[in-house]
Structures are given as structure tokens and as C-alpha cells.
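Here is coords39.txt, consisting of compact mmCIF, C-alpha atoms:
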```
# COMPACT_ATOMS: atom_id res chain seq x y z
CA MET A 145 73.74 97.20 65.00
CA ALA A 146 73.22 100.67 66.44
CA ASP A 147 71.74 99.13 69.59
CA LEU A 148 74.82 96.98 70.02
CA GLN A 149 77.14 99.93 69.68
CA ASP A 150 75.06 101.97 72.14
CA ASP A 151 75.40 99.17 74.69
CA LEU A 152 79.14 98.98 74.14
CA HIS A 153 79.69 102.72 74.42
CA THR A 154 77.65 102.81 77.61
CA GLY A 155 79.82 100.05 79.08
CA THR A 156 83.01 101.84 78.11
CA GLU A 157 81.99 105.03 79.84
CA ALA A 158 80.84 103.22 82.95
CA GLY A 159 84.07 101.25 83.13
CA GLY A 160 86.24 104.36 83.11
CA LEU A 161 88.91 103.03 80.74
CA ASP A 162 90.87 106.28 81.01
CA ASP A 163 91.49 105.50 84.68
CA LEU A 164 93.01 102.08 84.05
CA PRO A 165 96.82 101.67 84.32
CA VAL A 166 98.73 101.11 81.09
CA PRO A 167 100.58 97.78 81.34
CA LEU A 168 104.02 97.31 79.87
CA ALA A 169 104.77 94.29 77.71
CA ALA A 170 106.92 92.88 80.50
CA GLU A 171 103.97 93.08 82.87
CA ALA A 172 101.71 91.22 80.46
CA PHE A 173 104.18 88.36 79.95
CA PRO A 174 106.75 88.53 82.77
CA PRO A 175 110.21 87.18 81.84
CA GLU A 176 110.37 85.30 85.14
CA PRO A 177 107.95 82.39 85.68
CA TYR A 178 104.92 83.37 87.70
CA ALA A 179 103.01 80.49 89.21
CA PRO A 180 100.26 81.40 91.68
CA VAL A 181 99.89 77.89 93.08
CA SER A 182 99.79 76.48 96.57
CA ASP A 183 102.76 74.15 95.97
CA PRO A 184 105.88 76.21 95.15
CA GLY A 185 107.75 72.96 94.58
CA ASP A 186 105.71 72.01 91.51
CA GLU A 187 108.61 72.04 89.07
CA PRO A 188 106.61 71.22 85.89
CA LEU A 189 104.21 74.09 86.59
CA THR A 190 107.13 76.47 87.12
CA ARG A 191 108.61 75.29 83.80
CA ALA A 192 105.21 75.71 82.15
CA PHE A 193 105.07 79.39 83.10
CA ALA A 194 108.62 79.84 81.83
CA VAL A 195 107.82 78.28 78.44
CA LEU A 196 104.59 80.24 78.10
CA ALA A 197 106.37 83.51 78.87
CA ALA A 198 108.32 83.03 75.63
CA HIS A 199 105.70 81.09 73.66
CA PRO A 200 102.19 82.13 74.77
CA VAL A 201 99.03 80.31 73.78
CA ALA A 202 97.40 81.05 70.43
CA ASP A 203 93.84 79.89 71.13
CA GLY A 204 91.90 78.57 68.14
CA CYS A 205 88.35 79.39 69.25
CA SER A 206 86.78 81.94 71.59
CA GLY A 207 83.03 82.46 71.65
CA LEU A 208 83.36 85.80 73.43
CA PRO A 209 81.72 88.00 70.74
CA TRP A 210 78.40 86.16 70.92
CA ALA A 211 78.55 85.99 74.73
CA LEU A 212 79.15 89.74 75.03
CA ARG A 213 76.31 90.48 72.66
CA HIS A 214 73.80 89.68 75.40
CA LEU A 215 75.43 91.72 78.20
CA PRO A 216 74.28 95.29 78.85
CA TRP A 217 77.62 96.24 80.41
CA TYR A 218 81.07 94.68 80.79
CA ASP A 219 84.69 95.57 81.48
CA LEU A 220 87.15 93.02 80.16
CA GLU A 221 90.25 94.88 81.27
CA SER A 222 89.39 95.08 84.97
CA GLY A 223 87.76 91.63 84.94
CA GLU A 224 84.32 90.35 83.98
CA SER A 225 82.65 87.55 85.93
CA ALA A 226 79.74 87.20 83.49
CA VAL A 227 81.98 85.49 80.91
CA ASP A 228 84.82 82.97 80.94
CA THR A 229 87.30 85.31 79.28
CA ASP A 230 88.73 88.66 80.34
CA VAL A 231 92.13 90.32 80.10
CA PRO A 232 93.36 89.42 83.62
CA ARG A 233 92.61 85.73 83.07
CA LEU A 234 94.15 85.80 79.59
CA ARG A 235 97.33 87.25 81.06
CA GLU A 236 97.36 84.80 83.95
CA GLY A 237 97.02 81.93 81.45
CA ARG A 238 99.69 83.40 79.17
CA VAL A 239 97.36 83.70 76.17
CA GLY A 240 98.94 85.77 73.40
CA ALA A 241 96.37 85.42 70.61
CA LEU A 242 92.74 84.38 70.13
CA LEU A 243 90.65 83.51 67.12
CA TRP A 244 87.26 85.07 67.91
CA SER A 245 84.57 82.85 66.47
CA LEU A 246 81.81 84.53 64.47
CA HIS A 247 79.63 81.43 64.28
CA LEU A 248 75.89 81.94 64.47
CA PRO A 249 72.98 79.79 65.67
CA GLU A 250 71.84 77.28 63.05
CA SER A 251 68.50 79.08 62.77
CA VAL A 252 70.26 82.12 61.27
CA ASP A 253 70.75 81.53 57.56
CA GLY A 254 70.48 83.19 54.15
CA ASP A 255 70.72 86.97 54.06
CA ARG A 256 70.16 87.04 57.82
CA ALA A 257 73.46 85.16 58.24
CA VAL A 258 75.28 87.73 56.12
CA GLY A 259 73.89 90.62 58.15
CA ALA A 260 74.48 88.91 61.49
CA THR A 261 78.11 88.15 60.57
CA LEU A 262 78.67 91.79 59.60
CA GLU A 263 77.18 92.74 62.96
CA GLN A 264 79.54 90.34 64.72
CA LEU A 265 82.57 91.77 62.92
CA ASP A 266 81.48 95.26 63.95
CA LEU A 267 81.10 94.05 67.53
CA VAL A 268 84.61 92.52 67.55
CA LYS A 269 86.13 95.80 66.44
CA THR A 270 84.09 97.79 68.93
CA VAL A 271 85.06 95.52 71.83
CA VAL A 272 88.75 95.69 70.96
CA ARG A 273 88.57 99.46 70.55
CA ALA A 274 86.96 99.73 74.01
CA HIS A 275 89.79 97.73 75.64
CA PRO A 276 92.96 99.15 74.08
CA GLU A 277 95.29 98.31 76.96
CA GLY A 278 94.50 94.61 76.82
CA LEU A 279 93.42 93.73 73.28
CA ARG A 280 94.61 94.52 69.78
CA LEU A 281 93.26 93.41 66.40
CA ALA A 282 95.64 91.32 64.30
CA TYR A 283 95.17 90.11 60.75
CA ASP A 284 98.42 88.20 60.18
CA ALA A 285 101.33 86.57 62.00
CA GLY A 286 103.41 89.74 62.21
CA GLN A 287 100.61 91.75 63.75
CA ALA A 288 99.99 88.99 66.30
CA ILE A 289 103.66 89.16 67.35
CA ASP A 290 103.53 92.96 67.50
CA ALA A 291 100.48 92.80 69.77
CA ARG A 292 102.19 90.30 72.07
CA ASN A 293 105.36 92.41 72.23
CA CYS A 294 103.26 95.42 73.25
CA GLY A 295 101.62 93.48 76.07
CA ARG A 296 98.29 93.07 74.29
CA VAL A 297 96.37 89.94 73.37
CA ALA A 298 96.02 89.64 69.60
CA VAL A 299 92.42 89.22 68.41
CA ILE A 300 92.06 87.50 65.01
CA PRO A 301 88.50 87.68 63.60
CA GLY A 302 87.16 84.28 62.58
CA PRO A 303 86.17 81.69 61.81
CA ALA A 304 82.71 82.53 60.51
CA GLY A 305 80.27 79.97 59.19
CA ALA A 306 80.10 79.41 55.44
CA ALA A 307 76.49 80.64 55.50
CA ALA A 308 77.97 84.10 56.03
CA ILE A 309 78.91 84.32 52.35
CA GLY A 310 75.90 82.46 50.97
CA ASP A 311 76.89 81.65 47.40
CA ARG A 312 78.49 84.99 46.51
CA LEU A 313 82.25 85.42 46.28
CA GLY A 314 81.87 89.19 46.44
CA ILE A 315 80.59 88.83 50.01
CA LEU A 316 83.66 86.71 50.86
CA ARG A 317 85.90 89.51 49.58
CA SER A 318 83.93 92.12 51.53
CA LEU A 319 84.18 90.13 54.75
CA HIS A 320 87.91 89.70 54.22
CA ALA A 321 88.26 93.46 53.69
CA LEU A 322 86.49 93.95 57.04
CA GLY A 323 88.94 91.60 58.77
CA LEU A 324 87.64 88.02 58.49
CA ARG A 325 90.54 85.56 58.43
CA ALA A 326 88.92 82.10 58.62
CA LEU A 327 85.77 80.45 57.24
CA THR A 328 84.24 77.12 58.31
CA LEU A 329 83.42 74.97 55.28
CA CYS A 330 80.22 73.15 56.18
CA GLY A 331 76.47 73.62 56.37
CA VAL A 332 75.92 75.07 52.88
CA SER A 333 74.96 73.58 49.52
CA TRP A 334 78.49 73.86 48.12
CA ALA A 335 80.16 72.31 51.20
CA GLY A 336 77.75 69.77 52.63
CA GLU A 337 77.48 66.02 53.19
CA ALA A 338 78.50 65.30 49.61
CA GLY A 339 81.69 67.35 49.91
CA LEU A 340 82.82 70.37 47.92
CA THR A 341 81.01 71.12 44.69
CA ARG A 342 82.73 72.86 41.79
CA PHE A 343 81.63 76.18 43.21
CA GLY A 344 82.94 75.10 46.63
CA GLU A 345 86.35 74.46 45.09
CA GLU A 346 86.26 77.96 43.59
CA VAL A 347 85.46 79.35 47.05
CA VAL A 348 88.59 77.63 48.41
CA ARG A 349 90.72 79.06 45.59
CA GLU A 350 89.38 82.55 46.27
CA MET A 351 90.06 82.08 49.99
CA ASN A 352 93.65 81.21 49.08
CA ARG A 353 93.91 84.36 46.98
CA LEU A 354 92.64 86.50 49.85
CA GLY A 355 94.45 84.79 52.71
CA VAL A 356 91.32 83.44 54.43
CA LEU A 357 92.00 80.14 56.18
CA ALA A 358 89.73 77.13 55.71
CA ASP A 359 88.35 75.76 58.98
CA LEU A 360 87.26 72.14 58.58
CA SER A 361 85.86 71.37 62.03
CA GLY A 362 82.45 69.84 61.48
CA ALA A 363 83.07 69.28 57.77
CA CYS A 364 82.47 65.84 56.27
CA ALA A 365 85.42 63.68 55.25
CA GLU A 366 84.82 64.33 51.54
CA THR A 367 84.97 68.10 52.07
CA MET A 368 88.16 67.76 54.09
CA ARG A 369 89.93 65.61 51.52
CA ARG A 370 88.89 67.80 48.61
CA THR A 371 90.03 70.91 50.49
CA PHE A 372 93.43 69.29 51.10
CA ALA A 373 93.67 68.64 47.36
CA VAL A 374 92.52 72.07 46.15
CA SER A 375 93.96 74.44 48.74
CA LYS A 376 97.49 75.74 48.43
CA ALA A 377 97.37 76.99 52.03
CA PRO A 378 97.14 74.86 55.18
CA ALA A 379 93.71 74.19 56.65
CA LEU A 380 92.65 74.44 60.28
CA CYS A 381 90.38 72.30 62.38
CA THR A 382 89.67 74.82 65.11
CA ARG A 383 87.61 72.51 67.35
CA SER A 384 88.59 68.87 66.70
CA ALA A 385 90.14 66.19 68.91
CA ALA A 386 90.88 62.49 68.34
CA ARG A 387 87.91 60.27 67.50
CA ALA A 388 89.96 57.21 68.46
CA LEU A 389 89.75 58.40 72.06
CA ARG A 390 86.28 59.93 72.07
CA PRO A 391 83.67 59.30 69.34
CA HIS A 392 82.38 62.86 68.98
CA PRO A 393 81.28 63.74 65.40
CA ALA A 394 83.57 66.81 65.30
CA ASN A 395 86.60 64.74 66.30
CA LEU A 396 88.86 63.36 63.58
CA PRO A 397 89.57 59.70 62.85
CA ASP A 398 93.20 58.71 62.53
CA ASP A 399 93.18 58.52 58.72
CA LEU A 400 92.06 62.15 58.46
CA LEU A 401 94.59 63.19 61.11
CA VAL A 402 97.31 61.61 58.97
CA GLU A 403 96.06 63.42 55.87
CA LEU A 404 95.77 66.71 57.76
CA GLY A 405 99.37 66.39 58.89
CA GLU A 406 100.58 65.51 55.39
CA ALA A 407 98.79 68.60 54.05
CA GLY A 408 100.49 70.82 56.64
CA GLY A 409 97.21 71.51 58.44
CA LEU A 410 96.55 72.09 62.11
CA CYS A 411 94.23 70.22 64.48
CA MET A 412 93.35 72.47 67.43
CA VAL A 413 92.17 70.29 70.30
CA PRO A 414 89.22 71.82 72.20
CA LEU A 415 89.16 72.04 75.98
CA THR A 416 85.61 70.73 76.30
CA ALA A 417 84.38 67.86 78.43
CA GLU A 418 82.15 66.63 75.61
CA GLN A 419 84.91 66.29 73.01
CA THR A 420 87.99 65.53 75.08
CA GLY A 421 86.81 64.31 78.49
CA PRO A 422 86.27 65.59 82.03
CA THR A 423 89.87 66.01 83.24
CA VAL A 424 93.08 67.75 82.25
CA ARG A 425 94.61 64.30 81.74
CA ASP A 426 91.96 63.47 79.14
CA VAL A 427 92.85 66.61 77.19
CA ALA A 428 96.53 65.70 77.40
CA ASP A 429 95.69 62.22 76.07
CA HIS A 430 94.14 63.80 72.96
CA LEU A 431 97.12 66.10 72.48
CA ASP A 432 99.46 63.11 72.78
CA HIS A 433 97.43 61.20 70.21
CA VAL A 434 97.16 64.02 67.68
CA ARG A 435 100.88 64.77 68.00
CA THR A 436 101.73 61.11 67.39
CA VAL A 437 99.37 60.62 64.43
CA ALA A 438 99.44 64.02 62.68
CA GLY A 439 102.86 65.17 63.84
CA PRO A 440 104.11 67.81 66.30
CA GLN A 441 103.68 70.58 63.70
CA SER A 442 99.97 69.81 63.31
CA VAL A 443 98.61 70.09 66.85
CA GLY A 444 97.29 73.19 68.58
CA LEU A 445 94.96 74.38 71.35
CA SER A 446 91.36 75.58 71.26
CA GLY A 447 89.93 76.79 74.53
CA THR A 448 86.36 77.11 73.17
CA TYR A 449 85.62 79.31 76.17
CA ASP A 450 82.36 81.29 76.15
CA THR A 451 80.77 78.88 73.69
CA GLY A 452 78.31 77.44 76.19
CA THR A 453 80.13 74.13 76.59
CA ALA A 454 81.34 72.48 79.81
CA HIS A 455 85.10 72.35 80.37
CA PRO A 456 87.31 69.72 82.01
CA LEU A 457 88.20 69.94 85.67
CA GLU A 458 91.07 72.37 86.33
CA LEU A 459 90.55 73.98 82.89
CA GLY A 460 87.53 76.18 83.60
CA ASP A 461 88.82 79.39 82.01
CA PRO A 462 91.84 80.67 80.03
CA SER A 463 93.90 81.26 83.17
CA CYS A 464 94.27 77.48 83.46
CA TYR A 465 96.47 76.87 80.40
CA PRO A 466 99.67 76.52 82.50
CA ARG A 467 98.12 73.51 84.26
CA LEU A 468 97.66 71.78 80.91
CA VAL A 469 101.19 72.62 79.77
CA ALA A 470 102.55 71.33 83.10
CA GLU A 471 100.73 68.02 82.52
CA LEU A 472 102.38 67.73 79.09
CA LEU A 473 105.82 68.44 80.55
CA ARG A 474 105.24 65.73 83.16
CA ARG A 475 104.54 63.34 80.27
CA GLY A 476 107.86 64.05 78.66
CA TRP A 477 106.98 66.70 76.07
CA ASP A 478 110.09 68.72 75.37
CA GLU A 479 109.89 72.48 75.44
CA ALA A 480 110.34 72.77 71.66
CA ASP A 481 107.19 70.71 71.02
CA VAL A 482 105.27 72.72 73.62
CA ALA A 483 106.36 75.92 71.88
CA LEU A 484 104.98 74.57 68.59
CA LEU A 485 101.73 73.57 70.28
CA THR A 486 101.09 76.90 71.96
CA TRP A 487 102.38 79.46 69.46
CA GLY A 488 104.60 78.18 66.67
CA ASN A 489 102.11 76.10 64.70
CA VAL A 490 99.53 78.90 64.49
CA GLN A 491 102.26 81.30 63.38
CA ARG A 492 103.30 78.86 60.67
CA VAL A 493 99.75 78.52 59.33
CA LEU A 494 99.16 82.30 59.36
CA ARG A 495 102.43 82.91 57.53
CA ALA A 496 101.66 80.20 54.98
CA ALA A 497 98.24 81.73 54.28
CA ALA A 498 99.80 85.16 53.71
CA PHE A 499 102.51 83.72 51.43
CA THR A 500 99.93 81.77 49.43
CA ALA A 501 97.78 84.88 49.03
CA LYS A 502 100.66 86.95 47.68
CA ALA A 503 101.54 84.26 45.16
CA ALA A 504 97.92 83.71 44.11
CA GLN A 505 97.28 87.41 43.57
CA LEU A 506 100.06 87.45 40.99
CA ARG A 507 98.44 84.58 39.08
CA ARG A 508 94.70 85.29 39.14
CA GLU A 509 92.19 88.10 39.31
CA PRO A 510 89.25 88.08 41.76
CA SER A 511 86.93 85.25 40.80
CA THR A 512 83.66 86.13 39.09
CA ALA A 513 82.32 82.57 39.33
CA VAL A 514 78.59 82.17 39.92
CA ILE A 515 77.16 79.09 41.63
CA ALA A 516 74.49 78.64 38.91
CA ASP A 517 77.17 78.34 36.23
CA LEU A 518 79.31 75.79 38.10
CA ASP A 519 76.75 73.75 40.03
CA GLY A 520 73.59 74.36 38.01
```
Would you mind writing the structure in this file as C-alpha cells?
Amino acid sequence: MADLQDDLHTGTEAGGLDDLPVPLAAEAFPPEPYAPVSDPGDEPLTRAFAVLAAHPVADGCSGLPWALRHLPWYDLESGESAVDTDVPRLREGRVGALLWSLHLPESVDGDRAVGATLEQLDLVKTVVRAHPEGLRLAYDAGQAIDARNCGRVAVIPGPAGAAAIGDRLGILRSLHALGLRALTLCGVSWAGEAGLTRFGEEVVREMNRLGVLADLSGACAETMRRTFAVSKAPALCTRSAARALRPHPANLPDDLLVELGEAGGLCMVPLTAEQTGPTVRDVADHLDHVRTVAGPQSVGLSGTYDTGTAHPLELGDPSCYPRLVAELLRRGWDEADVALLTWGNVQRVLRAAAFTAKAAQLRREPSTAVIADLDG
């Protein structure tokens, strides 16, 4: 961890952050549409910039922490060509908030996963601290709005993999205290192919009490359905599209999309060629489908930039979001539904998680459940 921080501090000094101009909120999200395109007559694209100025993108998955971990030096505020994501491109794409994924390689498990996740959380905080004019940490909906109003991009830590807590609820509480706000429920004994065990259900209840969102991308159908039944807060699928259009294992079949919508959850469609297809029209097809099946309040966006995946044409980095929104407007999406897609639905889920946590803390003390007692 010390080595990581040394690298980051070296980059900060080299970048000369004190010399950077301080942007105003109006400069980060101009009130007038800004569309740097060759065709000034592209009316849907002009409308897209106008909608995004008021309702910026809340992106469900950024792999930037892991990508930065391997760079000896970087400057996200001036621009960084070694990664997909930097502050200028986030502003150009009208991105107002990002969930920074803390997922680890599958080979990292057990106590190593706990330590590596702590290291990732430390890295997130160090990166944000080193770029104060562009980024700001946010742990709830209100803080995300405050960051946007100050011209910063809100950084929400999570999701992390379930291996990060092992089978100890105390570690879950510690990670939450350090800022974690979402946990992916798969790949562990209590949330595997057979679904949630009794201990897994207790994990979900404790997540509700803390305000940690359940991410169900990659989870089996049994885990998803049991989470819908047990959780009092909405669940996320931070990287899932429509399986009816593309048979990727992380994509959701229509019956689960219906159940997700009925449970008030949110399916965040990834901008990856593998899951959604090679063009912006393919991504729009998935968004159309999820909106129709799950409902307009249950569809969101997940750039999945800096995760090592290929992206559709015209959607190569976060600056390209207006092109996708313009495609949706051409298809007849009204601006109210676009506002839900980009910002409103994530705000709803964050607010619901906070409300659920406040209510749960009045009813129950921190859980002392042990996996051996419940699943032994």
C-alpha cells in the first residue's frame, strides 16, 4: 500500500495540481448545449447536450482504480491518454457521477481479497484527493448532487466483490465505514450457484442496515430472486444487458428483468461490444428492450470503461455519452425518460438505500451472525 501511495504522490507533484485552473460549476456543465460535432444541424445531438446539462450521466461501473494501479504517473485533470477516463472526457460526456469498481482478479481470494480491497479503497481516496478540482467522493445521493453542483464528478466507491468480506460481517461493516457502497453477490460459498444460503440472507440484511447496495450482475437466478425477496432496498445490476438480444451470461433474461423492475431495482446496461454489440445502435436496442420489459425507472447506464473490454463504435470513452443519448432521442425517447436513465434512477436507488438503512438501524443492532452457525 505504501508503494501505491508513493507512486500517487509522485504523480501529483509532477502534474503540478496547484497550477491548474479552478473550474466553476457552470464550466463543468454549461447551461447552454455544447456539441463539438462536425454537423451543427444535428438537432438530436444538440438536444442531447441540453438534457445532459441538467441530468448528467451516473455511470454504474468504472474500472479506473485497477487501471491506475499499474501506472507510475498520471494526471486525470489535465488529461491522461493511458486510460479511457479522465476529467476532460468526463466533462465532455456530461458525466456527473461514477461508481468506481473495486473488483479484483479471480485469482485473488480469501484474506488476500480483503487486503486488496482495502488497498483499492485507499487508492480511490488518494486519487480523488490528488484531483480535487475534478473529482469528489460521494457516499449518498445528496453528496453526489453537491459534487455536481460544484462542478466536480462524484466518485462512489463500489461495487466490490463478495470475496472482499469473506464470511465475516465485521469486515462488511469496516468496509462500509471506509466508504464502500455496493457489493457484488456472487463467487462465494454463501452466494454461489445454489443461491443465497442462510448466512447470505443475513449478509443482505446487514447490507440493508448499513446502506450498502446489492449488485447482482453475474449472480445466478436463485441468488437474484432470493435477494429480491429478502432485501428491503433496491438491487443493482451494474453490468447487465438483455439476454433476449445477446446471450451473454451476465445479461438478464426477460423474466428476471420483469422481477427486477417489480422489486424497484436497476439494470445498468454496459457499453461493451461483447455484451451489447458493436455499434451505438446495438446499445440503444438493449436500452429500448430493458425499458420496455423492466420499466423506465429500472434502466441505467454502465460505461465499463477501463475494465479491459472492447467498446462499441462511437462509444470509445466517456466523452461519447451524448452520441448515445442522441440516438435514443431519434428513437422517440422523451426527455423525461432520458433524465431517468442518466441520473434520476441512480438517485432513486441511492436515496432508497439510505432510507432503508435509517429504518433498519432503528429495528436491529449490528448482526453477530457467524457462517458456521447458520450454514454449518
Contacts of A:Leu457 at 9 Å (only C-alpha atoms; same-chain gap of 3+ positions) as a list in words: Ala417, Pro422, Thr423, Val424 and Gly460 of chain A
Exercise: A:Leu316 partners within 10 Å, only C-alpha atoms, chain neighbours under 4 positions left out, as a ChimeraX atom specification: /A:258,306,308-312,320-322,324,327,347,350-351,354,356
Listing only residues of stretch 347-369 of chain A within 8 Å of stretch 487-500 of chain A, what is the closest atom pair and its distance in Å (to one decimal) for each, using only C-alpha atoms, sorted by chain and residue number ascending, as JSON lines?
```
{"residue": "A:Asn352", "atom": "CA", "partner": "A:Thr500", "partner_atom": "CA", "distance": 6.3}
{"residue": "A:Arg353", "atom": "CA", "partner": "A:Thr500", "partner_atom": "CA", "distance": 7.0}
{"residue": "A:Gly355", "atom": "CA", "partner": "A:Ala497", "partner_atom": "CA", "distance": 5.1}
{"residue": "A:Val356", "atom": "CA", "partner": "A:Ala497", "partner_atom": "CA", "distance": 7.1}
{"residue": "A:Leu357", "atom": "CA", "partner": "A:Ala497", "partner_atom": "CA", "distance": 6.7}
```
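Contact shell of A:Gly520 at 12 Å (only C-alpha atoms; same-chain neighbours under 6 positions omitted): Ser333, Trp334, Thr341, Arg342, Phe343 and Val514 of chain A.
Proximity to A:Ser206 was assessed for A:Arg383, A:Arg256, A:Arg507, A:Arg425 counting only C-alpha atoms; the smallest distance is recorded for A:Arg383.
The space between atom CA of A:Arg233 and atom CA of A:Val195 spans 17.6 Å.
Between atom CA of A:Thr512 and atom CA of A:Leu313 the interatomic distance comes to 7.4 Å.
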